[in-house]
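Reviewing the structure listed below.
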Amino acid sequence: MSAATNHAATASAPAHGGRASRPQRLRDGAAAPLLAALGLAAFWLFPDDLGLMTRILTAALYVLSLDLVLGYAGIATLGQAAMFGTGAYAAGIAAVHLVADPLVLLAVGGVAGGLIALATGTLILRGRGLTLLMLTIAVAQIVQEVANKARDLTGGSDGLSGIDPGPLLGLFRFDMYGRTSYLFALAVLLAGFLVARRIVRSPFGLACRGVREDPVRVAALGGSPKRLLVAMYAVAGVFAGVAGALSAVTSGIVGLDSLGFSWSAEALVMLVLGGTGRLWGAILGTVAFMTVHHLLAATDPFHWMLFIGLFLMGTVLFLPGGLASLADRFTRGDRP
Amino acid sequence: MPGTLRTALLGAVFATSLAGAGPVWAATVKVGVIAPFSGPFATVGQTFKQAIEVYQAQHGKTAAGHTVEFVYKDLDQANPAQSKALAQELVVKEKVGYLAGFFFTPDALAVAPLIDEANIPCVIFNAATSVITEKSPRYVRTSFTLWQNTVPLAEHMAKQGVRKVATAVSDYGPGIDGETAFKATFEKHGGKVVDSIRMPLKSTDFAPFMQRIKDSGAEAIYAFLPAGPTTLAFAKAFSDTGLKAAGVKFFGPGDITQEPDLPALGDAALGITTTFNYSQAHDSDLNRAFVAKHKELFGSSDTVTFTSVGAYDGTHVIYKMIEATGGSSDGAKAVAAVKGMAWESPRGPLVIDPDSRHVTQTIYLRVTERKDGRLQNSEVAAFAAQPDYGYKVGK
């Protein structure tokens, strides 16, 4: 168990929970306005790239959900796309047949993502480690195959098109330039970030972190590790579902790739790049990965994969704590 | 003296202003191409790009005095949301006047609302589900559909006296399209489909399906799988399990014996009978010139295949659209100008059907055989003027 205790020691260093220190309170107060300001600055600076930036924000919310599962509850998963895709398809199907209001669609996606996470989480969270990892992959594959088979509802491999959400709040139409989409996505991400922060600092969030560090001790203290994990899995499912719905609303189409293995794996890469166990890490990692990906793919559409591989290897070698650990180095001196 | 000087000066000013105004008349028209340029389907994007370059080498880089510039965007797998974002970037940032490319159906469908709002024509080089062109009046397609290839094949098989056929298709959109088209046509002509097998898309073990084909007592199979490793495994299983030796005939749309895959298929491909819109071995001067130019530019013509002519003819359509609109960006007018357009392509005579905006073309019956030590699809019969039979078939 030496690895686990070691992990516990390093993880307890940043004072997330408990009584906040003064600089941390300062950082806390600044976090949300900073995110909003950066998002709006990007809106002014790159008015021609709103399509891509909307996708980045959507992905950031999705990676945030993975951070809740992996970073805070220690559940190793390669199947987070199951929740994202379910949310996206639920919102898409609702948009095609039932409602057009974007906010209602987000709610539909969130509920669907949460329910599927609750249902599958109850089943698979008996497993641990590699077994669990395999089970999460299996769940995502099953969901994907169901979506492929239910062709009448989901469009199968052709994708679910014809999603045409109504104007946001009855006022703002989703335009070709993506202005509404971008600001909407920014607002949703901001709200998601604040809610996620509230959750990870709540007694429930702290208990989940306890399970990550040492489930036996949590059980000895009278907690139920499995119940906590399932609850966190479902909460993260809601976040992923909302992200999926956001993707459906802003892009107007849902494809089977939204349930695919590579989408799950990519989320993991982005999270590790940014730094697990920090909400900032999820956002930072997504922005860094997708921006670099886009720039490389735009400069050299034929060989960009090589360079993104080198970039990832460099980050993992020289910044094992992810990009977010850079900030710690600056604020707390260069200590390991 | 001052008079002449003034005239000279005026003349100079006039000349410079003319030269300066030149680029305004002959502006650059940009065409955004979205296709896989990396990852497992990278060869597709490469064939698109090479065919475009062959076309530009043969016909020049200008249309009606406007320089035509192609901007490439990589979309390595079917990912409609990303396709939409890329198209948005091309339209808003790169200010392209045309969208083109698209290998996968969902990626093509994703841009429908965008091209309608921006009034931009979208020329599809491949994505082959019939339904696409119904979704926007600004889609034009220069590839083929499963229906288009399958209907003449089923008719041919019925005429050959084949009575009992088993279908074996991958369980996804195009596979189902193929199965439906085959069944509808073949049974109309008196044949019988004795078993309809749908195989998982990622399956590589085909022995159980071969057993089902054997048990069904079919004289022939109609098979469709996405080109690549799955087709290789399927064709190999077909000969290894003795179905081929037992005399069961192998029919299917031509994607399964596409040129880049033939060396890997090897002898397992021998005798597969397919229908398709293009074979590299097509016998015409235009095709020989096309393949020769390709070889001259890129050193080899082995990869020239259906996606190459899809892009080549798509580029032709775009050039004609630019000529018709004088370089101004008016999608509706551009599409109207090519409706009913007929021309001769390396694959044979083509017409853009005014209703479906899909290309009506000759479909060839081919047999895979070895010629001069190299496998090729030899055309043995031709079915002229085949439309997209799948257009609005669901309605």
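Residue numbering restarts at 1 in every chain; chains get A, B, ... in the order shown in the structure tokens, and ligands count up from 1 in that same order.
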Can I get the residues of range 111-183 of chain A within 9 Å of range 227-230 of chain A, each with the closest pair of atoms and their distance in Å to one decimal, using only C-alpha atoms, sorted chain first then ascending number, as CSV?
residue,atom,partner,partner_atom,distance
A:Ala117,CA,A:Val230,CA,8.1
A:Leu118,CA,A:Val230,CA,6.5
A:Gly121,CA,A:Val230,CA,5.5
A:Thr122,CA,A:Val230,CA,6.0
A:Leu125,CA,A:Val230,CA,6.9
Got a sec to tell me which of range 213-344 of chain B DSSP assigns to strand (DSSP E or B), as a list in words? Ala220, Ile221, Tyr222, Ala223, Phe224, Lys249, Phe250, Phe251, Gly252, Pro253, Thr273, Thr274, Thr275, Phe276, Ala342, Trp343 and Glu344 of chain B
Would you output that residue set with C-alpha atoms, as a short mmCIF file (atom, residue, chain, number, x, y, z; two decimals), in the first residue's frame?
data_model
loop_
_atom_site.label_atom_id
_atom_site.label_comp_id
_atom_site.auth_asym_id
_atom_site.auth_seq_id
_atom_site.Cartn_x
_atom_site.Cartn_y
_atom_site.Cartn_z
CA ALA B 220 -24.35 -17.06 -54.79
CA ILE B 221 -23.78 -14.33 -52.26
CA TYR B 222 -24.26 -10.60 -52.40
CA ALA B 223 -21.77 -9.06 -49.97
CA PHE B 224 -21.00 -5.55 -48.90
CA LYS B 249 -20.43 -17.21 -56.66
CA PHE B 250 -19.34 -13.96 -55.00
CA PHE B 251 -21.10 -10.75 -56.07
CA GLY B 252 -21.05 -7.28 -54.58
CA PRO B 253 -20.66 -3.55 -55.15
CA THR B 273 -17.92 -10.16 -59.70
CA THR B 274 -18.78 -6.57 -58.88
CA THR B 275 -20.63 -3.61 -60.31
CA PHE B 276 -19.15 -0.18 -59.98
CA ALA B 342 -23.56 16.22 -69.29
CA TRP B 343 -19.92 15.50 -69.97
CA GLU B 344 -17.38 12.77 -70.66
#
Within 7 Å of chain A, which residues of chain B show up? Give each one with its shortest atom-to-atom distance in Å (one decimal) and the two atoms involved, counting only C-alpha atoms, rows by chain then rising residue number, as a tab-separated table.
residue	atom	partner	partner_atom	distance
B:Phe37	CA	A:Phe302	CA	5.3
B:Ser38	CA	A:Phe302	CA	5.5
B:Lys73	CA	A:Pro301	CA	6.3
B:Asp74	CA	A:Pro301	CA	5.3
B:Ala78	CA	A:Asp257	CA	6.6
B:Asn79	CA	A:Asp257	CA	5.8
B:Pro80	CA	A:Gly255	CA	6.0
B:Ala81	CA	A:Ser251	CA	5.5
B:Lys84	CA	A:Ser251	CA	6.4
B:Ala85	CA	A:Gly51	CA	4.7
B:Gln88	CA	A:Gly51	CA	6.1
B:Glu89	CA	A:Asp49	CA	6.1
B:Val92	CA	A:Asp48	CA	5.9
B:Lys93	CA	A:Asp48	CA	5.0
B:Thr105	CA	A:Asp158	CA	5.6
B:Pro106	CA	A:Asp158	CA	4.7
B:Leu109	CA	A:Ser161	CA	6.8
B:Ala110	CA	A:Ile253	CA	6.0
B:Leu114	CA	A:Met176	CA	6.3
B:Glu117	CA	A:Met176	CA	6.9
B:Tyr172	CA	A:Ser157	CA	5.8
B:Gly173	CA	A:Ser157	CA	5.5
Write the selection just made, keeping C-alpha atoms, as a PDB file, in the first residue's frame?
ATOM      1  CA  PHE B  37      -5.946  13.132 -44.455  1.00  0.00           C
ATOM      2  CA  SER B  38      -4.552  11.302 -41.431  1.00  0.00           C
ATOM      3  CA  LYS B  73      -9.095  20.287 -43.661  1.00  0.00           C
ATOM      4  CA  ASP B  74      -8.405  16.980 -41.999  1.00  0.00           C
ATOM      5  CA  ALA B  78     -16.651  10.034 -39.011  1.00  0.00           C
ATOM      6  CA  ASN B  79     -17.249  12.950 -36.628  1.00  0.00           C
ATOM      7  CA  PRO B  80     -20.160  15.147 -37.733  1.00  0.00           C
ATOM      8  CA  ALA B  81     -19.790  17.758 -34.973  1.00  0.00           C
ATOM      9  CA  LYS B  84     -19.634  21.175 -38.898  1.00  0.00           C
ATOM     10  CA  ALA B  85     -17.005  23.162 -36.966  1.00  0.00           C
ATOM     11  CA  GLN B  88     -17.948  26.803 -40.249  1.00  0.00           C
ATOM     12  CA  GLU B  89     -14.291  27.802 -40.077  1.00  0.00           C
ATOM     13  CA  VAL B  92     -16.463  32.245 -41.887  1.00  0.00           C
ATOM     14  CA  LYS B  93     -12.685  32.520 -41.674  1.00  0.00           C
ATOM     15  CA  THR B 105     -22.217  10.198 -44.768  1.00  0.00           C
ATOM     16  CA  PRO B 106     -22.715  11.815 -41.310  1.00  0.00           C
ATOM     17  CA  LEU B 109     -25.096  15.576 -43.564  1.00  0.00           C
ATOM     18  CA  ALA B 110     -23.707  17.776 -40.789  1.00  0.00           C
ATOM     19  CA  LEU B 114     -24.680  25.687 -42.859  1.00  0.00           C
ATOM     20  CA  GLU B 117     -27.689  29.607 -44.510  1.00  0.00           C
ATOM     21  CA  TYR B 172     -24.481  -0.121 -40.715  1.00  0.00           C
ATOM     22  CA  GLY B 173     -26.203   2.404 -42.982  1.00  0.00           C
TER      23      GLY B 173
END
Please provide the set of residues having any atom within 12 Å of Ala236 in chain A, restricted to only C-alpha atoms, with same-chain residues fewer than 2 positions apart removed, written as a count of residues only. 49
Excluding Phe238 in chain B and its own-chain neighbours fewer than 4 positions away, which residues fall within 12 Å of it when counting only C-alpha atoms? Please give them as a PyMOL selection string. chain B and resi 168+205-214+220-221+223+231-234+242-251+265+267-272
Residues within 12 Å of Thr315 in chain A, please, as a list of chain:residue names. Count only C-alpha atoms; anything in the same chain fewer than 4 positions from it doesn't count. A:Val269, A:Met270, A:Val272, A:Leu273, A:Gly274, A:Gly275, A:Gly285, A:Ala288, A:Phe289, A:Ile308, A:Gly309, A:Leu310, A:Phe311, A:Leu319, A:Pro320, A:Gly321, A:Gly322, A:Leu323, A:Ala324, A:Ser325, A:Leu326
Using only C-alpha atoms, which residues sit within 8 Å of Met321 in chain B once same-chain residues fewer than 3 positions away are excluded, as an mmCIF file with C-alpha atoms, in the first residue's frame?
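Heads up, here's the output in around.cif:
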data_model
loop_
_atom_site.group_PDB
_atom_site.id
_atom_site.type_symbol
_atom_site.label_atom_id
_atom_site.label_comp_id
_atom_site.auth_asym_id
_atom_site.auth_seq_id
_atom_site.Cartn_x
_atom_site.Cartn_y
_atom_site.Cartn_z
ATOM 1 C CA VAL B 317 -18.322 20.441 -61.551
ATOM 2 C CA ILE B 318 -16.853 23.150 -59.316
ATOM 3 C CA ALA B 324 -21.458 29.960 -64.573
ATOM 4 C CA THR B 325 -21.509 32.386 -61.654
ATOM 5 C CA ALA B 334 -24.230 27.677 -59.177
ATOM 6 C CA VAL B 335 -26.198 24.502 -58.504
ATOM 7 C CA ALA B 337 -26.161 25.932 -63.655
ATOM 8 C CA VAL B 338 -24.919 22.338 -63.405
#
Can you list, as a ChimeraX atom specification, every protein, DNA or RNA residue that comes within 12 Å of Arg347 in chain B when you count only C-alpha atoms, leaving out same-chain residues fewer than 2 positions away? /B:142-144,276-291,304-310,312-313,343-345,349-350,359-364,379,382,384
Mind giving me the straight-line distance from CA of Leu183 in chain A to CA of Lys30 in chain B in Å, one decimal?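 Result for CA of Leu183 in chain A versus CA of Lys30 in chain B: 29.0 Å, one decimal.
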